[in-house]
Amino acid sequence: MMGARNISLCPDVRAPAASRRRLFAAWFESRALTRRRLPYSKAHDVCSYTAARGAMRHLCCSAEKEWGPMIVYRELETLTRDLGIGAGVLYAAGNRPEAHYRTVSITGRNGTVRTLSVPDPMLMAIQRRILFRLLVHMPVSPQAAAYRCGVSTLSAARFHIGKPVLLCLDIRHFFDNIRYADVKRYAFPPDIYAEPLRVLLTRLCYLRDALPQGAPTSPAISNLVLADFDRALTSWCAPRGIAYTRYCDDLALSGDFDPDQACEIAAALLRQHGFLLNPAKTRIRRAGTRQQVTGLIVNERPSVPREYRRALRQELYYCRRFGVASQMQRRGFCGKETSYLQSLLGRVNYLLQIRPDDVAAKQDRDWLLALLHTQQTP
């Protein structure tokens, strides 16, 4: 790998807009080709790829076996150009990240209150750039079923259909127990980023002593932090014919096995990574009882729980009979009518994703689409 160059820490280094657009186009095309074999230069121990726009990108080959070629960031200027954000803005947010968050409380369906740390618009924009231009290209374990493009709750549920035993585990205070050192190590590894850039990026994504749940980068980082755990638990499960998936902090294991032993193994592996299981949320479901993974019933085939379907149909019935505005008032929905209809449409589409042959759901979808089209037509 190339040796680290001197990194300019001048807070007003900014890339011109035209240069940012040109370099991002080259960066995007080089990312799309990272799975291909690229020309290798022994003299510099790097892979080089000349993008269509003419910008040169250096790709690291030392980690090719594990990750494939990756862009190496050794200079602050390269990072700011790819992010499209000036160094002054990055350091202004990274020097005092706690000043850019506000606390929001959300009440869940079961009445529990969750406290989120939500970044302000400036830090939110920076974190979204970090997410979509850096983090989404990092390798994630196949067992991770959340926060991944093309992977859904249905994808995870299919691994556990019709199994004799289903074990569901929960990690206690997951995001609060992700350490600064783990974010720096797994999300911004030294093979890809120079040390000052690792510190800067980690500070932009971390808050005090926890990973902020309201930050757009936190879900992707959580998958990266648990990648080694996923591999270790899979290595134990695979020879025993046990299927394992993880949806954020919810672990699911299914097959013909001793659930108590599996729980002990999972707990031991989690302790090695600084996490603990939540015993209150441990569930063992055997064949003949209701087996549920990622909100779906998996006894025979993935299906939406009856309670979900009944509540949705009832809400749509009230909308048809008494009007949408009346139902919004009854529900205490304070937003726009269009937003409420779109939320209903999203729930119907979710039902159709699980059960594409549901005739009643198709009719509900057509009715909602027609109603939305009527409201949006001037």
# chains A, B, ... in the order shown; residues from 1 in each chain; ligands from 1
>>> residues_around(residues="Phe257 (chain A)", least_positions_apart="3", cutoff="12 Å", atoms="only C-alpha atoms", output="list of chain:residue names")
A:Lys163, A:Pro164, A:Val165, A:Leu166, A:Leu167, A:Trp236, A:Cys237, A:Ala238, A:Pro239, A:Arg240, A:Gly241, A:Ile242, A:Ala243, A:Leu253, A:Ser254, A:Asp260, A:Gln261, A:Ala262, A:Cys263, A:Ile284, A:Arg286
>>> select_by_dssp(residues="region 124-217 of chain A", states="strand (DSSP E)", output="ChimeraX atom specification")
/A:165-170
>>> closest_residue(among="A:Val348, A:Ala370, A:Leu116, A:Leu90", to="Val199 (chain A)", atoms="only C-alpha atoms")
A:Leu90
>>> residues_around(residues="Gln291 (chain A)", least_positions_apart="3", cutoff="12 Å", atoms="only C-alpha atoms", output="ChimeraX atom specification")
/A:157,160-168,252-254,283-288,294-305
>>> atom_distance(atom1="CA of Leu270 (chain A)", atom2="CA of Ser105 (chain A)")
28.2 Å
>>> closest_residue(among="A:Ile130, A:Ala144, A:Ala156, A:Leu368", to="Thr202 (chain A)", atoms="only C-alpha atoms")
A:Ile130
>>> residues_around(residues="region 207-209 of chain A", least_positions_apart="6", cutoff="9 Å", atoms="only C-alpha atoms", output="PyMOL selection string")
chain A and resi 97-98+101+117+176-180
>>> residues_around(residues="Leu341 (chain A)", least_positions_apart="4", cutoff="12 Å", atoms="only C-alpha atoms", output="PyMOL selection string")
chain A and resi 315-316+319-320+323-325+327-328+333+335-337+345-348+364-365+367-376
>>> closest_residue(among="A:Gly332, A:Ala227, A:Thr245, A:Leu352", to="Arg158 (chain A)", atoms="only C-alpha atoms")
A:Thr245
>>> select_by_dssp(residues="region 227-347 of chain A", states="helix (DSSP H, G or I)", output="count of residues only")
67
>>> residues_around(residues="Pro119 (chain A)", least_positions_apart="5", cutoff="8 Å", atoms="only C-alpha atoms", output="MDAnalysis selection string")
chainID A and resid 100:102 124 214:215
>>> write_last_selection(atoms="all heavy atoms", output="JSON list (two decimals), in the first residue's frame")
[["chain", "number", "residue", "atom", "x", "y", "z"],
["A", 100, "HIS", "N", -24.31, 19.83, 17.56],
["A", 100, "HIS", "CA", -25.11, 19.70, 16.34],
["A", 100, "HIS", "C", -26.21, 18.64, 16.47],
["A", 100, "HIS", "O", -26.72, 18.15, 15.46],
["A", 100, "HIS", "CB", -24.18, 19.33, 15.17],
["A", 100, "HIS", "CG", -23.18, 20.39, 14.85],
["A", 100, "HIS", "ND1", -23.45, 21.46, 14.02],
["A", 100, "HIS", "CD2", -21.89, 20.57, 15.27],
["A", 100, "HIS", "CE1", -22.39, 22.23, 13.93],
["A", 100, "HIS", "NE2", -21.42, 21.71, 14.68],
["A", 101, "TYR", "N", -26.56, 18.27, 17.69],
["A", 101, "TYR", "CA", -27.62, 17.28, 17.90],
["A", 101, "TYR", "C", -28.73, 17.87, 18.76],
["A", 101, "TYR", "O", -28.51, 18.74, 19.61],
["A", 101, "TYR", "CB", -27.06, 16.04, 18.61],
["A", 101, "TYR", "CG", -26.25, 15.13, 17.72],
["A", 101, "TYR", "CD1", -24.87, 15.30, 17.60],
["A", 101, "TYR", "CD2", -26.84, 14.08, 17.01],
["A", 101, "TYR", "CE1", -24.12, 14.47, 16.80],
["A", 101, "TYR", "CE2", -26.09, 13.24, 16.22],
["A", 101, "TYR", "CZ", -24.73, 13.44, 16.11],
["A", 101, "TYR", "OH", -23.98, 12.61, 15.32],
["A", 102, "ARG", "N", -29.93, 17.35, 18.56],
["A", 102, "ARG", "CA", -31.06, 17.65, 19.44],
["A", 102, "ARG", "C", -31.71, 16.33, 19.85],
["A", 102, "ARG", "O", -31.61, 15.33, 19.13],
["A", 102, "ARG", "CB", -32.10, 18.54, 18.74],
["A", 102, "ARG", "CG", -32.68, 17.95, 17.48],
["A", 102, "ARG", "CD", -33.56, 18.95, 16.75],
["A", 102, "ARG", "NE", -34.04, 18.41, 15.47],
["A", 102, "ARG", "CZ", -35.18, 17.73, 15.33],
["A", 102, "ARG", "NH1", -35.96, 17.53, 16.38],
["A", 102, "ARG", "NH2", -35.55, 17.28, 14.14],
["A", 124, "MET", "N", -26.39, 16.44, 9.37],
["A", 124, "MET", "CA", -27.17, 15.41, 8.67],
["A", 124, "MET", "C", -26.71, 15.29, 7.21],
["A", 124, "MET", "O", -26.55, 14.17, 6.69],
["A", 124, "MET", "CB", -28.66, 15.76, 8.72],
["A", 124, "MET", "CG", -29.57, 14.78, 7.98],
["A", 124, "MET", "SD", -29.89, 13.26, 8.88],
["A", 124, "MET", "CE", -31.05, 13.86, 10.12],
["A", 214, "GLY", "N", -30.27, 8.57, 15.88],
["A", 214, "GLY", "CA", -30.91, 9.42, 14.89],
["A", 214, "GLY", "C", -30.03, 9.79, 13.72],
["A", 214, "GLY", "O", -30.49, 10.46, 12.79],
["A", 215, "ALA", "N", -28.78, 9.34, 13.71],
["A", 215, "ALA", "CA", -27.86, 9.67, 12.62],
["A", 215, "ALA", "C", -28.03, 8.69, 11.47],
["A", 215, "ALA", "O", -28.15, 7.48, 11.70],
["A", 215, "ALA", "CB", -26.42, 9.64, 13.12]]
